[in-house]
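To start, the structure itself, in structure tokens.
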Amino acid sequence: MKPFLPFAQPDIGEEEIQEVVDSLRSGWVTTGPKAKRFEQDFAAFMGGGVEAIACSSATAGLHLALEAVGVGPGDEVITTPYTFTATAEVVRYLGAHPVFVDIDPATFNIDPRRIEAAITPRTKAIVPVHFAGLACDMDTILGIARKHRLKVVEDAAHALPATWSGRLVGSWESDATVFSFYATKTITTGEGGMVVTGQPDVAARCRVMRLHGISRDAFDRYTSSKPAWQYEVVAPGFKYNMTDIAASLGIQQLRKAGRFHDRRAAMAARYDAELTNLPIILPPGARAGDIHAWHLYVLRMRQDAPMGRDEFITRMAEMGIGCSVHFIPLHLHPYWRDAYGLKPDDYPQALAVYQGAVSLPLYTRMTDDDQARVIEAVRRLLE
Ligand SMILES: *Cc1c(COP(=O)(O)O)cnc(C)c1O
């Protein structure tokens with residue numbers, strides 16, 4: 001039997017290894033010149049006009065961004081139940097409450113038509129999640145936010161690079177956008193994240209809170225002409241900075257982001273072309289002219305499929321292929337269910353999509369033969 005094909009794997013090349021070795025030899029291992037360069041490169045990738053703040057994870061970045069836009073105790077934050085728990089847990093870190101709004105099954109994203117009904121006098125922000133790398137309808141979401149004076153922080157953990165109406169996610173007028181560089185994401189730093197914002201005050205607050213609420217970061221303290229020991233603590237901040245070791249990976253991964261995306265898009269197109277005439281619903285693509293990041297390829301099993309989703313994943317694993325499920329909706333998890341008294345059919349669209357959802361392996365280190373193996377296995381089980 002062929003070796004097991006994992007569900008996901010990072011694509012780390014010699015360039016990343018050399019860049020990391022360079023940092024190790026330089027003696028600067030924590031936040032320093034490489035983190036700064038990664039931030040500059042990332043802001044340029046977004047098209048300029050924004051600041052980028054590197055942090056230890058997207059979870060950290062979402063926490064920083066929501067804190068910076070003023071989310072606090074008792075506030076409500078509107079988001080989707082069809083996401084990873086990090087999206088909503090950071091709202092709880094701040095003593096605020098997530099308010100879930102069901103998804104549009106055609107996109108797997110929060111349904112913008114349902115957002116206004118969830119707004120109350122306590123609503124402070126909207127956190128859209130660009131599921132799988134398919135951008136949310138940013139025109140509509142930002143329009144609602146403007147009308148009701150709400151903040152918008154985008155969870156773009158899946159969305160590098162993705163566009164809506166031809167504009168990159170991260171370059172819209174939301175208050176902040178947060179990317180993830182976790183091992184399975186479209187580029188990786190091992191662990192890491194990036195907050196992007198066009199608002200200097202939000203950027204400044206994120207920078208201060210990223211490092212203990214200290215008014216100067218370590219790099220500044222050791223490179224500026226002011227005495228290195230001099231700093232002020234201006235808030236009870238966090239320890240969310242990105243190391244130069246991680247940033248070294250990020251610098252080289254970002255240079256490959258275009259190539260990585262081309263490969264992912266080609267693989268998604270091949271799945272689309274070769275998984276036809278099966279009892280499944282193929283994942284939605286981006287609108288004509290827009291870019292889908294293809295972090296995930298999530299198909300839905302139809303009711304008339306010869307087996308259920310759980311059995312399908314077990315049988316795929318028996319054939320040596322790793323699949324996954326994105327996501328178990330938050331309202332089905334004990335914490336969220338019990339904390340907010342949620343029932344499965346409170347979000348019927350999220351529930352229905354989840355019940356049939358299967359993520360197939362899709363990553364740049366897969367060969368054409370690996371993908372052929374996946375396609376053959378899916379066809380054998382479902383034909
Ligand atoms: C991965 C992920 C996160 C968290 O990213 P980390 O970098 O692991 O903290 C947040 N939101 C979504 C939707 C994710 O998939």
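Following the order of the structure tokens, first chain is A, next is B, and so on, with residues numbered from 1 inside each chain and ligands from 1 in the order they appear.
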
Taking the DSSP secondary structure from the backbone, can you list the residues of region 229-364 of chain A that are alpha helix (DSSP H), as JSON, numbers by chain? {"A": [244, 245, 246, 247, 248, 249, 250, 251, 252, 253, 254, 255, 257, 258, 259, 260, 261, 262, 263, 264, 265, 266, 267, 268, 269, 270, 271, 272, 273, 274, 309, 310, 311, 312, 313, 314, 315, 316, 317, 318, 334, 335, 336, 337, 338, 339, 340, 348, 349, 350, 351, 352, 353, 354, 355, 356]}

Mind writing the picked residues with C-alpha atoms as a compact mmCIF listing (two decimals), in the first residue's frame?
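Saved the output as part-v2.txt:
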```
# COMPACT_ATOMS: atom_id res chain seq x y z
CA ASP A 244 12.54 36.56 14.06
CA ILE A 245 12.86 32.80 13.55
CA ALA A 246 9.18 32.63 12.62
CA ALA A 247 9.40 35.86 10.60
CA SER A 248 12.29 34.34 8.59
CA LEU A 249 9.93 31.61 7.45
CA GLY A 250 7.28 34.23 6.69
CA ILE A 251 9.57 36.39 4.53
CA GLN A 252 10.37 33.48 2.23
CA GLN A 253 6.86 31.98 2.31
CA LEU A 254 5.34 35.32 1.30
CA ARG A 255 7.64 35.46 -1.74
CA ALA A 257 2.53 33.04 -2.01
CA GLY A 258 1.67 33.71 -5.66
CA ARG A 259 3.15 30.41 -6.84
CA PHE A 260 1.51 28.55 -3.96
CA HIS A 261 -1.82 30.10 -4.89
CA ASP A 262 -1.48 29.17 -8.57
CA ARG A 263 -0.90 25.56 -7.57
CA ARG A 264 -3.81 25.49 -5.13
CA ALA A 265 -6.16 27.04 -7.70
CA ALA A 266 -5.07 24.53 -10.34
CA MET A 267 -5.66 21.65 -7.94
CA ALA A 268 -9.10 22.98 -6.99
CA ALA A 269 -9.97 23.27 -10.69
CA ARG A 270 -8.87 19.67 -11.22
CA TYR A 271 -11.06 18.45 -8.36
CA ASP A 272 -13.97 20.42 -9.85
CA ALA A 273 -13.38 18.88 -13.28
CA GLU A 274 -12.88 15.29 -12.15
CA ARG A 309 -19.93 11.68 5.83
CA ASP A 310 -18.39 9.96 8.87
CA GLU A 311 -18.17 6.59 7.13
CA PHE A 312 -16.77 8.27 4.02
CA ILE A 313 -13.89 9.76 6.02
CA THR A 314 -13.20 6.42 7.71
CA ARG A 315 -13.12 4.63 4.35
CA MET A 316 -10.83 7.28 2.85
CA ALA A 317 -8.45 6.80 5.79
CA GLU A 318 -8.50 3.03 5.17
CA PRO A 334 -20.34 22.11 24.82
CA TYR A 335 -18.86 25.44 25.88
CA TRP A 336 -20.71 27.61 23.36
CA ARG A 337 -23.88 25.53 23.60
CA ASP A 338 -24.06 25.78 27.38
CA ALA A 339 -22.76 29.35 27.80
CA TYR A 340 -25.42 30.74 25.46
CA PRO A 348 -30.02 25.32 10.52
CA GLN A 349 -27.87 26.25 7.52
CA ALA A 350 -24.60 25.81 9.44
CA LEU A 351 -25.89 22.52 10.81
CA ALA A 352 -26.93 21.18 7.40
CA VAL A 353 -23.67 22.16 5.73
CA TYR A 354 -21.64 20.64 8.56
CA GLN A 355 -23.48 17.31 8.39
CA GLY A 356 -22.27 16.69 4.84
```

Excluding Ala68 (chain A) and its own-chain neighbours fewer than 4 positions away, which residues fall within 12 Å of it when counting only C-alpha atoms? Please give them as an MDAnalysis selection string. chainID A and resid 61:64 72 94 125 151:153 175:176 195 197 199:210 213 235 237

Ranking A:Met138, A:Leu330, A:Ala106, A:Ala286 by minimum distance to ligand 1 and counting only C-alpha atoms and all ligand atoms, which one comes first? A:Leu330

May I ask you to write as a PyMOL selection string all residues lying at most 7 Å from ligand 1, with only C-alpha atoms and all ligand atoms counted? chain A and resi 57-60+83-84+86-87+129+131+155+157-158+180-182+191-193

Counting only C-alpha atoms, which residue out of A:Ile321, A:Ile103, A:Val91, A:Leu275 sits closest to Gly70 (chain A)?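 For Gly70 (chain A), the nearest of the given residues is A:Val91.
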
Give me the residues near Arg167 (chain A) as a PyMOL selection string, where near means some atom within 12 Å (using only C-alpha atoms) and where sequence neighbours in that chain fewer than 6 positions away do not count. chain A and resi 46-47+135-139+161+173+289-292

Convert the current residue selection to file output with all heavy atoms, as a short mmCIF file (atom, residue, chain, number, x, y, z; two decimals), in the first residue's frame.
```cif
data_model
loop_
_atom_site.label_atom_id
_atom_site.label_comp_id
_atom_site.auth_asym_id
_atom_site.auth_seq_id
_atom_site.Cartn_x
_atom_site.Cartn_y
_atom_site.Cartn_z
N MET A 46 -0.16 43.70 0.40
CA MET A 46 -1.55 44.17 0.47
C MET A 46 -1.79 45.36 -0.45
O MET A 46 -2.92 45.86 -0.54
CB MET A 46 -1.89 44.58 1.91
CG MET A 46 -1.96 43.44 2.90
SD MET A 46 -3.40 42.40 2.60
CE MET A 46 -2.66 40.80 2.36
N GLY A 47 -0.74 45.88 -1.06
CA GLY A 47 -0.88 47.00 -1.98
C GLY A 47 -0.49 48.33 -1.36
O GLY A 47 -0.68 49.38 -1.98
N ALA A 135 -13.95 35.05 -0.23
CA ALA A 135 -14.20 36.32 0.46
C ALA A 135 -15.69 36.53 0.72
O ALA A 135 -16.54 36.20 -0.11
CB ALA A 135 -13.64 37.47 -0.37
N CYS A 136 -15.98 37.12 1.87
CA CYS A 136 -17.35 37.55 2.19
C CYS A 136 -17.71 38.75 1.33
O CYS A 136 -16.85 39.41 0.75
CB CYS A 136 -17.44 37.96 3.66
SG CYS A 136 -17.21 36.61 4.83
N ASP A 137 -19.01 39.06 1.28
CA ASP A 137 -19.51 40.22 0.55
C ASP A 137 -19.16 41.49 1.35
O ASP A 137 -19.91 41.92 2.22
CB ASP A 137 -21.02 40.07 0.38
CG ASP A 137 -21.67 41.29 -0.28
OD1 ASP A 137 -21.00 42.35 -0.38
OD2 ASP A 137 -22.84 41.18 -0.67
N MET A 138 -17.98 42.03 1.06
CA MET A 138 -17.47 43.13 1.88
C MET A 138 -18.24 44.43 1.65
O MET A 138 -18.35 45.25 2.56
CB MET A 138 -15.98 43.34 1.63
CG MET A 138 -15.10 42.21 2.17
SD MET A 138 -15.46 41.78 3.90
CE MET A 138 -15.02 43.30 4.73
N ASP A 139 -18.76 44.64 0.44
CA ASP A 139 -19.54 45.86 0.19
C ASP A 139 -20.73 45.92 1.15
O ASP A 139 -20.97 46.93 1.80
CB ASP A 139 -20.07 45.87 -1.25
CG ASP A 139 -18.95 45.91 -2.26
OD1 ASP A 139 -18.20 46.90 -2.26
OD2 ASP A 139 -18.81 44.95 -3.03
N PRO A 161 -4.12 34.55 -0.78
CA PRO A 161 -4.73 35.82 -1.15
C PRO A 161 -6.14 35.57 -1.66
O PRO A 161 -6.40 34.62 -2.37
CB PRO A 161 -3.83 36.27 -2.31
CG PRO A 161 -3.40 34.97 -2.97
CD PRO A 161 -3.51 33.87 -1.95
N GLU A 173 -11.78 48.77 3.77
CA GLU A 173 -11.81 49.80 4.83
C GLU A 173 -12.29 49.25 6.17
O GLU A 173 -12.74 50.02 7.02
CB GLU A 173 -12.72 50.97 4.44
CG GLU A 173 -12.32 51.73 3.21
CD GLU A 173 -12.89 51.12 1.93
OE1 GLU A 173 -13.61 50.10 2.03
OE2 GLU A 173 -12.61 51.66 0.85
N GLY A 289 -13.70 36.90 -12.07
CA GLY A 289 -12.76 38.00 -11.88
C GLY A 289 -12.20 38.09 -10.47
O GLY A 289 -11.28 38.87 -10.22
N ASP A 290 -12.78 37.31 -9.52
CA ASP A 290 -12.26 37.35 -8.16
C ASP A 290 -11.38 36.13 -7.85
O ASP A 290 -11.41 35.13 -8.57
CB ASP A 290 -13.40 37.46 -7.14
CG ASP A 290 -13.73 38.91 -6.83
OD1 ASP A 290 -12.77 39.71 -6.73
OD2 ASP A 290 -14.92 39.23 -6.69
N ILE A 291 -10.61 36.24 -6.78
CA ILE A 291 -9.65 35.21 -6.39
C ILE A 291 -10.14 34.49 -5.14
O ILE A 291 -10.50 35.13 -4.15
CB ILE A 291 -8.27 35.83 -6.11
CG1 ILE A 291 -7.70 36.47 -7.38
CG2 ILE A 291 -7.30 34.79 -5.56
CD1 ILE A 291 -6.46 37.32 -7.13
N HIS A 292 -10.18 33.18 -5.21
CA HIS A 292 -10.46 32.31 -4.06
C HIS A 292 -9.10 31.82 -3.58
O HIS A 292 -8.30 31.35 -4.37
CB HIS A 292 -11.34 31.15 -4.54
CG HIS A 292 -11.91 30.27 -3.46
ND1 HIS A 292 -11.15 29.75 -2.43
CD2 HIS A 292 -13.18 29.79 -3.27
CE1 HIS A 292 -11.94 29.01 -1.65
NE2 HIS A 292 -13.16 29.02 -2.13
#
```

Within 9 Å of Ser324 (chain A), counting only C-alpha atoms, which residues qualify if same-chain residues fewer than 5 places away don't, as a list in words? Phe7, Ile313, Ala357, Val358, Ser359, Leu360 and Pro361 of chain A

Can you tell me, as a JSON list (two decimals) with all heavy atoms, in the first residue's frame, what residues are no more than 7 Å from Val50 (chain A) when counting only C-alpha atoms, ignoring any on the same chain fewer than 5 positions away?
```
[["chain", "number", "residue", "atom", "x", "y", "z"],
["A", 43, "ALA", "N", 2.77, 44.35, 4.21],
["A", 43, "ALA", "CA", 2.00, 45.57, 3.90],
["A", 43, "ALA", "C", 2.10, 45.87, 2.40],
["A", 43, "ALA", "O", 1.11, 46.27, 1.78],
["A", 43, "ALA", "CB", 2.51, 46.73, 4.73],
["A", 196, "VAL", "N", -3.56, 43.54, 9.88],
["A", 196, "VAL", "CA", -3.37, 44.57, 8.86],
["A", 196, "VAL", "C", -4.43, 45.63, 9.09],
["A", 196, "VAL", "O", -5.61, 45.29, 9.32],
["A", 196, "VAL", "CB", -3.52, 43.96, 7.45],
["A", 196, "VAL", "CG1", -3.54, 45.05, 6.40],
["A", 196, "VAL", "CG2", -2.39, 42.98, 7.17],
["A", 197, "THR", "N", -4.02, 46.88, 9.09],
["A", 197, "THR", "CA", -5.00, 47.96, 9.29],
["A", 197, "THR", "C", -4.55, 49.23, 8.58],
["A", 197, "THR", "O", -3.35, 49.50, 8.49],
["A", 197, "THR", "CB", -5.23, 48.24, 10.80],
["A", 197, "THR", "OG1", -6.12, 49.36, 10.93],
["A", 197, "THR", "CG2", -3.94, 48.56, 11.53],
["A", 198, "GLY", "N", -5.52, 49.98, 8.11],
["A", 198, "GLY", "CA", -5.23, 51.26, 7.49],
["A", 198, "GLY", "C", -5.32, 52.40, 8.49],
["A", 198, "GLY", "O", -5.17, 53.57, 8.13]]
```

Could you tell me how far CA of Glu89 (chain A) sits from CA of Gln40 (chain A), in Å to one decimal place?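 A separation of 28.9 Å between them.
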